[in-house]
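A quick write-up on the structure given underneath.
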Amino acid sequence: VHEKISPIKGKALMLAINQGGTYHTLAASTSHSLSISAQTADIVTKDENDKGLVKEVTGKSISLSTECLMMTDNFDVYAQAGQMAERAMNGMPVTLAFGYYPDSMGKGVGSDINWKAPTKVLLEGSFLCTSFSMNGAVKENATYSAEFSGVGMPTVTSTSAAAEGGEA
(Lines give C-alpha, C1' and ligand atoms only; values in the text may rest on other atoms or scores of the structure.)
Protein backbone atom coordinates (compact mmCIF):
# COMPACT_ATOMS: atom_id res chain seq x y z
CA VAL A 1 0.00 0.00 0.00
CA HIS A 2 1.37 3.37 -1.00
CA GLU A 3 0.71 6.50 0.98
CA LYS A 4 0.30 9.86 -0.66
CA ILE A 5 3.38 11.87 0.19
CA SER A 6 3.07 15.65 0.43
CA PRO A 7 5.91 17.70 -1.03
CA ILE A 8 7.79 20.08 1.25
CA LYS A 9 6.86 23.69 0.58
CA GLY A 10 9.73 26.10 0.09
CA LYS A 11 8.73 28.32 3.02
CA ALA A 12 9.32 25.44 5.44
CA LEU A 13 13.09 25.43 4.71
CA MET A 14 14.74 28.40 6.36
CA LEU A 15 18.22 29.69 7.06
CA ALA A 16 18.96 30.95 10.59
CA ILE A 17 21.94 32.85 11.96
CA ASN A 18 23.28 32.45 15.48
CA GLN A 19 23.33 35.84 17.20
CA GLY A 20 24.34 35.88 20.85
CA GLY A 21 23.67 32.17 21.32
CA THR A 22 20.16 32.23 19.80
CA TYR A 23 19.21 31.36 16.24
CA HIS A 24 17.14 33.90 14.28
CA THR A 25 15.83 33.21 10.80
CA LEU A 26 17.04 35.68 8.20
CA ALA A 27 14.40 38.40 7.99
CA ALA A 28 12.37 39.01 4.82
CA SER A 29 14.02 36.14 2.97
CA THR A 30 12.62 35.01 -0.36
CA SER A 31 14.76 31.95 -1.04
CA HIS A 32 17.63 29.85 0.29
CA SER A 33 19.86 27.30 -1.43
CA LEU A 34 22.08 24.57 0.00
CA SER A 35 24.75 22.91 -2.14
CA ILE A 36 26.96 20.02 -1.08
CA SER A 37 29.56 18.63 -3.44
CA ALA A 38 32.35 16.09 -3.29
CA GLN A 39 35.46 15.99 -5.44
CA THR A 40 36.57 12.50 -6.41
CA ALA A 41 39.63 10.80 -7.92
CA ASP A 42 40.19 7.34 -9.36
CA ILE A 43 42.32 4.86 -7.48
CA VAL A 44 44.23 3.06 -10.22
CA THR A 45 46.95 0.44 -9.90
CA LYS A 46 49.39 -0.71 -12.53
CA ASP A 47 47.85 -4.19 -12.33
CA GLU A 48 44.41 -3.20 -13.55
CA ASN A 49 45.02 -2.26 -17.20
CA ASP A 50 44.52 1.48 -16.56
CA LYS A 51 40.92 1.02 -15.40
CA GLY A 52 39.59 3.18 -12.62
CA LEU A 53 38.24 0.52 -10.30
CA VAL A 54 37.56 2.62 -7.24
CA LYS A 55 36.79 6.26 -6.60
CA GLU A 56 37.75 8.08 -3.45
CA VAL A 57 36.54 11.38 -2.11
CA THR A 58 39.40 13.86 -2.13
CA GLY A 59 37.50 16.95 -1.00
CA LYS A 60 34.11 18.26 0.05
CA SER A 61 32.49 21.67 -0.09
CA ILE A 62 29.28 23.07 1.34
CA SER A 63 27.70 26.38 0.43
CA LEU A 64 24.55 28.22 1.45
CA SER A 65 23.01 31.20 -0.27
CA THR A 66 20.13 33.49 0.58
CA GLU A 67 18.09 36.22 -1.07
CA CYS A 68 16.22 38.73 1.08
CA LEU A 69 14.00 41.76 0.52
CA MET A 70 14.98 45.07 2.07
CA MET A 71 12.04 46.06 4.29
CA THR A 72 11.40 49.36 6.07
CA ASP A 73 9.14 48.13 8.90
CA ASN A 74 8.88 45.21 11.34
CA PHE A 75 12.27 43.65 10.56
CA ASP A 76 15.81 44.56 11.52
CA VAL A 77 16.97 43.79 7.99
CA TYR A 78 19.41 46.68 7.88
CA ALA A 79 21.35 45.28 10.84
CA GLN A 80 21.39 41.79 9.29
CA ALA A 81 22.53 43.11 5.90
CA GLY A 82 25.19 45.26 7.56
CA GLN A 83 26.49 42.29 9.54
CA MET A 84 26.69 40.17 6.36
CA ALA A 85 28.61 42.88 4.52
CA GLU A 86 30.98 43.39 7.46
CA ARG A 87 31.63 39.66 7.81
CA ALA A 88 32.26 39.30 4.07
CA MET A 89 34.76 42.17 4.05
CA ASN A 90 36.58 41.07 7.22
CA GLY A 91 36.55 37.30 6.70
CA MET A 92 34.65 36.70 9.94
CA PRO A 93 32.90 33.31 10.32
CA VAL A 94 29.23 33.06 11.19
CA THR A 95 27.29 30.12 12.62
CA LEU A 96 24.34 29.17 10.41
CA ALA A 97 21.66 26.50 10.57
CA PHE A 98 19.52 25.35 7.64
CA GLY A 99 16.33 23.96 9.16
CA TYR A 100 12.83 22.64 8.60
CA TYR A 101 9.98 24.83 9.90
CA PRO A 102 6.75 23.04 8.89
CA ASP A 103 4.64 25.09 11.32
CA SER A 104 5.51 28.28 9.42
CA MET A 105 3.11 27.43 6.59
CA GLY A 106 0.33 29.98 6.29
CA LYS A 107 1.65 32.09 9.16
CA GLY A 108 3.69 35.24 9.44
CA VAL A 109 6.42 36.23 11.84
CA GLY A 110 3.92 38.09 14.04
CA SER A 111 1.88 34.97 14.77
CA ASP A 112 2.53 32.37 17.47
CA ILE A 113 5.31 30.60 15.54
CA ASN A 114 8.68 30.43 17.25
CA TRP A 115 10.89 31.30 14.29
CA LYS A 116 14.03 30.72 16.32
CA ALA A 117 13.76 26.93 16.77
CA PRO A 118 13.31 24.69 13.70
CA THR A 119 11.52 21.36 14.03
CA LYS A 120 14.61 19.72 12.58
CA VAL A 121 18.02 21.17 11.80
CA LEU A 122 19.23 19.73 8.51
CA LEU A 123 22.70 21.28 8.58
CA GLU A 124 24.51 23.46 11.09
CA GLY A 125 28.02 24.81 11.18
CA SER A 126 30.50 27.63 10.76
CA PHE A 127 30.51 29.50 7.44
CA LEU A 128 32.34 32.40 5.81
CA CYS A 129 30.34 34.96 3.84
CA THR A 130 32.10 34.83 0.48
CA SER A 131 29.80 37.14 -1.46
CA PHE A 132 27.38 39.92 -0.57
CA SER A 133 25.42 41.99 -3.06
CA MET A 134 22.59 44.48 -2.91
CA ASN A 135 20.25 45.35 -5.75
CA GLY A 136 18.19 48.54 -5.90
CA ALA A 137 16.88 48.66 -9.47
CA VAL A 138 14.26 51.24 -10.47
CA LYS A 139 10.64 50.05 -10.08
CA GLU A 140 11.73 46.82 -8.37
CA ASN A 141 11.96 45.80 -4.74
CA ALA A 142 15.38 46.33 -3.20
CA THR A 143 17.05 43.02 -2.31
CA TYR A 144 20.29 41.70 -0.94
CA SER A 145 21.87 38.32 -1.41
CA ALA A 146 24.67 36.54 0.41
CA GLU A 147 26.66 33.38 -0.24
CA PHE A 148 28.39 31.35 2.45
CA SER A 149 31.08 28.70 2.20
CA GLY A 150 31.45 26.07 4.91
CA VAL A 151 34.44 26.19 7.27
CA GLY A 152 35.31 22.83 8.76
CA MET A 153 32.88 19.94 9.04
CA PRO A 154 29.26 20.93 9.74
CA THR A 155 26.77 18.88 11.70
CA VAL A 156 24.41 17.13 9.29
CA THR A 157 21.19 15.51 10.51
CA SER A 158 21.21 11.82 9.70
CA THR A 159 17.96 10.06 8.85
CA SER A 160 19.48 6.59 8.68
CA ALA A 161 19.50 6.21 12.49
CA ALA A 162 15.81 7.15 12.68
CA ALA A 163 14.94 4.55 10.05
CA GLU A 164 16.66 1.90 12.18
CA GLY A 165 14.71 2.84 15.29
CA GLY A 166 17.37 5.10 16.79
CA GLU A 167 17.33 8.84 17.20
CA ALA A 168 18.33 11.15 14.38
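By convention in this document, the chains of the C-alpha coordinates carry letters A, B, ... by their order, each chain's residues are numbered from 1, and ligands are numbered from 1 in the order they are shown.
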Q | Filtered DSSP result for chain A, state alpha helix (DSSP H), as a PyMOL selection string | A | chain A and resi 77-90+160-163
Export, as a tab-separated table (two decimals), in the first residue's frame, the selected residues with all heavy atoms.
chain	number	residue	atom	x	y	z
A	77	VAL	N	16.23	44.27	9.15
A	77	VAL	CA	16.97	43.79	7.99
A	77	VAL	C	18.24	44.58	7.77
A	77	VAL	O	19.26	44.03	7.36
A	77	VAL	CB	16.07	43.85	6.72
A	77	VAL	CG1	16.86	43.44	5.50
A	77	VAL	CG2	14.88	42.94	6.90
A	78	TYR	N	18.21	45.87	8.08
A	78	TYR	CA	19.41	46.68	7.88
A	78	TYR	C	20.57	46.16	8.71
A	78	TYR	O	21.69	46.07	8.23
A	78	TYR	CB	19.13	48.15	8.24
A	78	TYR	CG	18.10	48.78	7.36
A	78	TYR	CD1	16.88	49.18	7.88
A	78	TYR	CD2	18.33	48.96	6.00
A	78	TYR	CE1	15.91	49.75	7.07
A	78	TYR	CE2	17.37	49.53	5.18
A	78	TYR	CZ	16.15	49.93	5.72
A	78	TYR	OH	15.22	50.49	4.93
A	79	ALA	N	20.30	45.80	9.97
A	79	ALA	CA	21.35	45.28	10.84
A	79	ALA	C	21.87	43.95	10.30
A	79	ALA	O	23.08	43.72	10.26
A	79	ALA	CB	20.83	45.10	12.26
A	80	GLN	N	20.96	43.08	9.84
A	80	GLN	CA	21.39	41.79	9.29
A	80	GLN	C	22.25	42.00	8.05
A	80	GLN	O	23.31	41.39	7.90
A	80	GLN	CB	20.18	40.92	8.92
A	80	GLN	CG	19.63	40.16	10.08
A	80	GLN	CD	18.53	39.19	9.65
A	80	GLN	OE1	18.13	39.15	8.49
A	80	GLN	NE2	18.05	38.42	10.60
A	81	ALA	N	21.79	42.86	7.14
A	81	ALA	CA	22.53	43.11	5.90
A	81	ALA	C	23.90	43.72	6.22
A	81	ALA	O	24.91	43.34	5.63
A	81	ALA	CB	21.74	44.02	4.98
A	82	GLY	N	23.93	44.64	7.16
A	82	GLY	CA	25.19	45.26	7.56
A	82	GLY	C	26.16	44.25	8.14
A	82	GLY	O	27.36	44.28	7.86
A	83	GLN	N	25.64	43.32	8.96
A	83	GLN	CA	26.49	42.29	9.54
A	83	GLN	C	27.06	41.38	8.46
A	83	GLN	O	28.22	40.99	8.51
A	83	GLN	CB	25.69	41.45	10.54
A	83	GLN	CG	25.39	42.17	11.83
A	83	GLN	CD	24.49	41.35	12.73
A	83	GLN	OE1	24.13	40.22	12.43
A	83	GLN	NE2	24.11	41.94	13.85
A	84	MET	N	26.21	41.03	7.46
A	84	MET	CA	26.69	40.17	6.36
A	84	MET	C	27.80	40.86	5.60
A	84	MET	O	28.83	40.25	5.30
A	84	MET	CB	25.56	39.86	5.39
A	84	MET	CG	24.38	39.18	5.97
A	84	MET	SD	24.72	37.49	6.39
A	84	MET	CE	23.11	37.05	7.01
A	85	ALA	N	27.60	42.13	5.27
A	85	ALA	CA	28.61	42.88	4.52
A	85	ALA	C	29.91	42.98	5.31
A	85	ALA	O	31.00	42.79	4.78
A	85	ALA	CB	28.08	44.26	4.17
A	86	GLU	N	29.79	43.27	6.62
A	86	GLU	CA	30.98	43.39	7.46
A	86	GLU	C	31.73	42.06	7.54
A	86	GLU	O	32.96	42.01	7.42
A	86	GLU	CB	30.58	43.83	8.87
A	86	GLU	CG	31.76	43.93	9.81
A	86	GLU	CD	31.34	44.25	11.24
A	86	GLU	OE1	30.14	44.14	11.56
A	86	GLU	OE2	32.24	44.58	12.04
A	87	ARG	N	31.00	40.97	7.71
A	87	ARG	CA	31.63	39.66	7.81
A	87	ARG	C	32.31	39.27	6.49
A	87	ARG	O	33.37	38.66	6.48
A	87	ARG	CB	30.61	38.61	8.24
A	87	ARG	CG	30.20	38.78	9.69
A	87	ARG	CD	29.16	37.76	10.10
A	87	ARG	NE	28.69	37.99	11.44
A	87	ARG	CZ	29.31	37.63	12.55
A	87	ARG	NH1	30.47	37.02	12.47
A	87	ARG	NH2	28.80	37.88	13.73
A	88	ALA	N	31.67	39.61	5.37
A	88	ALA	CA	32.26	39.30	4.07
A	88	ALA	C	33.56	40.06	3.87
A	88	ALA	O	34.56	39.51	3.40
A	88	ALA	CB	31.27	39.62	2.95
A	89	MET	N	33.57	41.34	4.26
A	89	MET	CA	34.76	42.17	4.05
A	89	MET	C	35.89	41.81	5.01
A	89	MET	O	37.06	41.93	4.66
A	89	MET	CB	34.39	43.64	4.21
A	89	MET	CG	33.55	44.16	3.06
A	89	MET	SD	32.92	45.83	3.29
A	89	MET	CE	34.34	46.73	3.73
A	90	ASN	N	35.56	41.34	6.21
A	90	ASN	CA	36.58	41.07	7.22
A	90	ASN	C	36.91	39.59	7.38
A	90	ASN	O	37.75	39.25	8.21
A	90	ASN	CB	36.14	41.64	8.57
A	90	ASN	CG	36.05	43.15	8.54
A	90	ASN	OD1	36.85	43.81	7.89
A	90	ASN	ND2	35.07	43.71	9.21
A	160	SER	N	19.30	8.03	8.69
A	160	SER	CA	19.48	6.59	8.68
A	160	SER	C	19.27	6.00	10.07
A	160	SER	O	18.73	4.91	10.22
A	160	SER	CB	20.85	6.21	8.14
A	160	SER	OG	21.86	6.78	8.95
A	161	ALA	N	19.68	6.71	11.14
A	161	ALA	CA	19.50	6.21	12.49
A	161	ALA	C	18.02	6.15	12.84
A	161	ALA	O	17.55	5.23	13.51
A	161	ALA	CB	20.23	7.09	13.49
A	162	ALA	N	17.24	7.13	12.38
A	162	ALA	CA	15.81	7.15	12.68
A	162	ALA	C	15.11	5.99	11.98
A	162	ALA	O	14.17	5.39	12.51
A	162	ALA	CB	15.20	8.48	12.23
A	163	ALA	N	15.56	5.66	10.79
A	163	ALA	CA	14.94	4.55	10.05
A	163	ALA	C	15.21	3.21	10.73
A	163	ALA	O	14.43	2.28	10.59
A	163	ALA	CB	15.47	4.53	8.61
(Q) Set the distance at 7 Å and use only C-alpha atoms: which residues neighbour Gly150 in chain A once local chain neighbours fewer than 6 positions away are removed? I'd like the list as a PyMOL selection string. (A) chain A and resi 61-63+126-128
So that I can see what lies close to Lys55 in chain A, please list as a PDB file with N, CA, C and O atoms, in the first residue's frame the residues with an atom at most 10 Å from it, counting only C-alpha atoms and leaving out residues fewer than 5 positions away in the same chain.
ATOM      1  N   GLN A  39      34.508  16.178  -4.365  1.00  0.00           N
ATOM      2  CA  GLN A  39      35.463  15.985  -5.438  1.00  0.00           C
ATOM      3  C   GLN A  39      35.999  14.558  -5.308  1.00  0.00           C
ATOM      4  O   GLN A  39      36.258  14.089  -4.201  1.00  0.00           O
ATOM      5  N   THR A  40      36.124  13.899  -6.439  1.00  0.00           N
ATOM      6  CA  THR A  40      36.575  12.503  -6.410  1.00  0.00           C
ATOM      7  C   THR A  40      37.788  12.299  -7.313  1.00  0.00           C
ATOM      8  O   THR A  40      38.067  13.115  -8.195  1.00  0.00           O
ATOM      9  N   ALA A  41      38.483  11.195  -7.085  1.00  0.00           N
ATOM     10  CA  ALA A  41      39.625  10.800  -7.921  1.00  0.00           C
ATOM     11  C   ALA A  41      39.595   9.287  -8.035  1.00  0.00           C
ATOM     12  O   ALA A  41      39.114   8.585  -7.142  1.00  0.00           O
ATOM     13  N   ASP A  42      40.084   8.788  -9.158  1.00  0.00           N
ATOM     14  CA  ASP A  42      40.185   7.344  -9.362  1.00  0.00           C
ATOM     15  C   ASP A  42      41.387   6.784  -8.611  1.00  0.00           C
ATOM     16  O   ASP A  42      42.442   7.413  -8.552  1.00  0.00           O
ATOM     17  N   ILE A  43      41.201   5.599  -8.039  1.00  0.00           N
ATOM     18  CA  ILE A  43      42.323   4.859  -7.477  1.00  0.00           C
ATOM     19  C   ILE A  43      42.673   3.798  -8.513  1.00  0.00           C
ATOM     20  O   ILE A  43      41.896   2.889  -8.780  1.00  0.00           O
ATOM     21  N   VAL A  44      43.815   3.947  -9.132  1.00  0.00           N
ATOM     22  CA  VAL A  44      44.229   3.064 -10.220  1.00  0.00           C
ATOM     23  C   VAL A  44      45.566   2.422  -9.843  1.00  0.00           C
ATOM     24  O   VAL A  44      46.467   3.089  -9.344  1.00  0.00           O
TER      25      VAL A  44
END
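Taking CA of Thr155 in chain A and CA of Ala28 in chain A as endpoints, the distance between them is 25.7 Å.
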Within 10 Å of range 91-103 of chain A: each range 2-63 of chain A residue with its shortest pair, only C-alpha atoms, as JSON lines:
{"residue": "A:Ile8", "atom": "CA", "partner": "A:Pro102", "partner_atom": "CA", "distance": 8.3}
{"residue": "A:Lys9", "atom": "CA", "partner": "A:Pro102", "partner_atom": "CA", "distance": 8.3}
{"residue": "A:Gly10", "atom": "CA", "partner": "A:Tyr100", "partner_atom": "CA", "distance": 9.7}
{"residue": "A:Lys11", "atom": "CA", "partner": "A:Tyr101", "partner_atom": "CA", "distance": 7.8}
{"residue": "A:Ala12", "atom": "CA", "partner": "A:Tyr101", "partner_atom": "CA", "distance": 4.6}
{"residue": "A:Leu13", "atom": "CA", "partner": "A:Tyr100", "partner_atom": "CA", "distance": 4.8}
{"residue": "A:Met14", "atom": "CA", "partner": "A:Gly99", "partner_atom": "CA", "distance": 5.5}
{"residue": "A:Leu15", "atom": "CA", "partner": "A:Phe98", "partner_atom": "CA", "distance": 4.6}
{"residue": "A:Ala16", "atom": "CA", "partner": "A:Ala97", "partner_atom": "CA", "distance": 5.2}
{"residue": "A:Ile17", "atom": "CA", "partner": "A:Leu96", "partner_atom": "CA", "distance": 4.7}
{"residue": "A:Asn18", "atom": "CA", "partner": "A:Thr95", "partner_atom": "CA", "distance": 5.5}
{"residue": "A:Gln19", "atom": "CA", "partner": "A:Thr95", "partner_atom": "CA", "distance": 8.3}
{"residue": "A:Gly21", "atom": "CA", "partner": "A:Thr95", "partner_atom": "CA", "distance": 9.6}
{"residue": "A:Tyr23", "atom": "CA", "partner": "A:Ala97", "partner_atom": "CA", "distance": 7.9}
{"residue": "A:His24", "atom": "CA", "partner": "A:Ala97", "partner_atom": "CA", "distance": 9.4}
{"residue": "A:Thr25", "atom": "CA", "partner": "A:Ala97", "partner_atom": "CA", "distance": 8.9}
{"residue": "A:His32", "atom": "CA", "partner": "A:Phe98", "partner_atom": "CA", "distance": 8.8}
{"residue": "A:Ser33", "atom": "CA", "partner": "A:Phe98", "partner_atom": "CA", "distance": 9.3}
{"residue": "A:Leu34", "atom": "CA", "partner": "A:Phe98", "partner_atom": "CA", "distance": 8.1}
Kindly export the residues of the current selection with N, CA, C and O atoms, as a short mmCIF file (atom, residue, chain, number, x, y, z; two decimals), in the first residue's frame.
data_model
loop_
_atom_site.label_atom_id
_atom_site.label_comp_id
_atom_site.auth_asym_id
_atom_site.auth_seq_id
_atom_site.Cartn_x
_atom_site.Cartn_y
_atom_site.Cartn_z
N ILE A 8 7.42 19.03 0.30
CA ILE A 8 7.79 20.08 1.25
C ILE A 8 7.69 21.43 0.54
O ILE A 8 8.23 21.60 -0.55
N LYS A 9 6.98 22.34 1.14
CA LYS A 9 6.86 23.69 0.58
C LYS A 9 8.13 24.48 0.87
O LYS A 9 8.77 24.30 1.91
N GLY A 10 8.48 25.36 -0.03
CA GLY A 10 9.73 26.10 0.09
C GLY A 10 9.83 26.94 1.35
O GLY A 10 10.91 27.12 1.90
N LYS A 11 8.69 27.47 1.83
CA LYS A 11 8.73 28.32 3.02
C LYS A 11 9.19 27.56 4.25
O LYS A 11 9.72 28.14 5.19
N ALA A 12 8.99 26.24 4.26
CA ALA A 12 9.32 25.44 5.44
C ALA A 12 10.82 25.25 5.62
O ALA A 12 11.26 24.85 6.69
N LEU A 13 11.63 25.54 4.60
CA LEU A 13 13.09 25.43 4.71
C LEU A 13 13.66 26.83 4.88
O LEU A 13 13.55 27.67 4.00
N MET A 14 14.26 27.06 6.04
CA MET A 14 14.74 28.40 6.36
C MET A 14 16.18 28.38 6.83
O MET A 14 16.65 27.38 7.37
N LEU A 15 16.84 29.51 6.65
CA LEU A 15 18.22 29.69 7.06
C LEU A 15 18.23 30.60 8.29
O LEU A 15 17.60 31.67 8.29
N ALA A 16 18.90 30.17 9.35
CA ALA A 16 18.96 30.95 10.59
C ALA A 16 20.40 31.25 10.94
O ALA A 16 21.31 30.47 10.65
N ILE A 17 20.61 32.40 11.56
CA ILE A 17 21.94 32.85 11.96
C ILE A 17 21.99 32.91 13.48
O ILE A 17 21.03 33.31 14.13
N ASN A 18 23.11 32.46 14.04
CA ASN A 18 23.28 32.45 15.48
C ASN A 18 23.79 33.82 15.91
O ASN A 18 24.88 34.23 15.54
N GLN A 19 22.96 34.52 16.70
CA GLN A 19 23.33 35.84 17.20
C GLN A 19 23.22 35.82 18.72
O GLN A 19 22.12 35.71 19.26
N GLY A 21 24.07 33.46 20.78
CA GLY A 21 23.67 32.17 21.32
C GLY A 21 22.28 31.72 20.94
O GLY A 21 21.86 30.63 21.28
N TYR A 23 19.41 31.34 17.69
CA TYR A 23 19.21 31.36 16.24
C TYR A 23 18.02 32.24 15.87
O TYR A 23 16.97 32.18 16.51
N HIS A 24 18.20 33.07 14.83
CA HIS A 24 17.14 33.90 14.28
C HIS A 24 17.10 33.66 12.78
O HIS A 24 18.14 33.73 12.12
N THR A 25 15.92 33.38 12.25
CA THR A 25 15.83 33.21 10.80
C THR A 25 16.14 34.54 10.12
O THR A 25 15.90 35.60 10.68
N HIS A 32 16.35 30.34 -0.21
CA HIS A 32 17.63 29.85 0.29
C HIS A 32 18.05 28.65 -0.55
O HIS A 32 17.20 27.91 -1.03
N SER A 33 19.34 28.46 -0.70
CA SER A 33 19.86 27.30 -1.43
C SER A 33 20.99 26.66 -0.64
O SER A 33 21.83 27.37 -0.07
N LEU A 34 21.01 25.34 -0.63
CA LEU A 34 22.08 24.57 0.00
C LEU A 34 22.71 23.71 -1.08
O LEU A 34 22.00 23.02 -1.82
#
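Atom to atom, CA of Phe148 in chain A and CA of Ser65 in chain A stand 6.0 Å apart.
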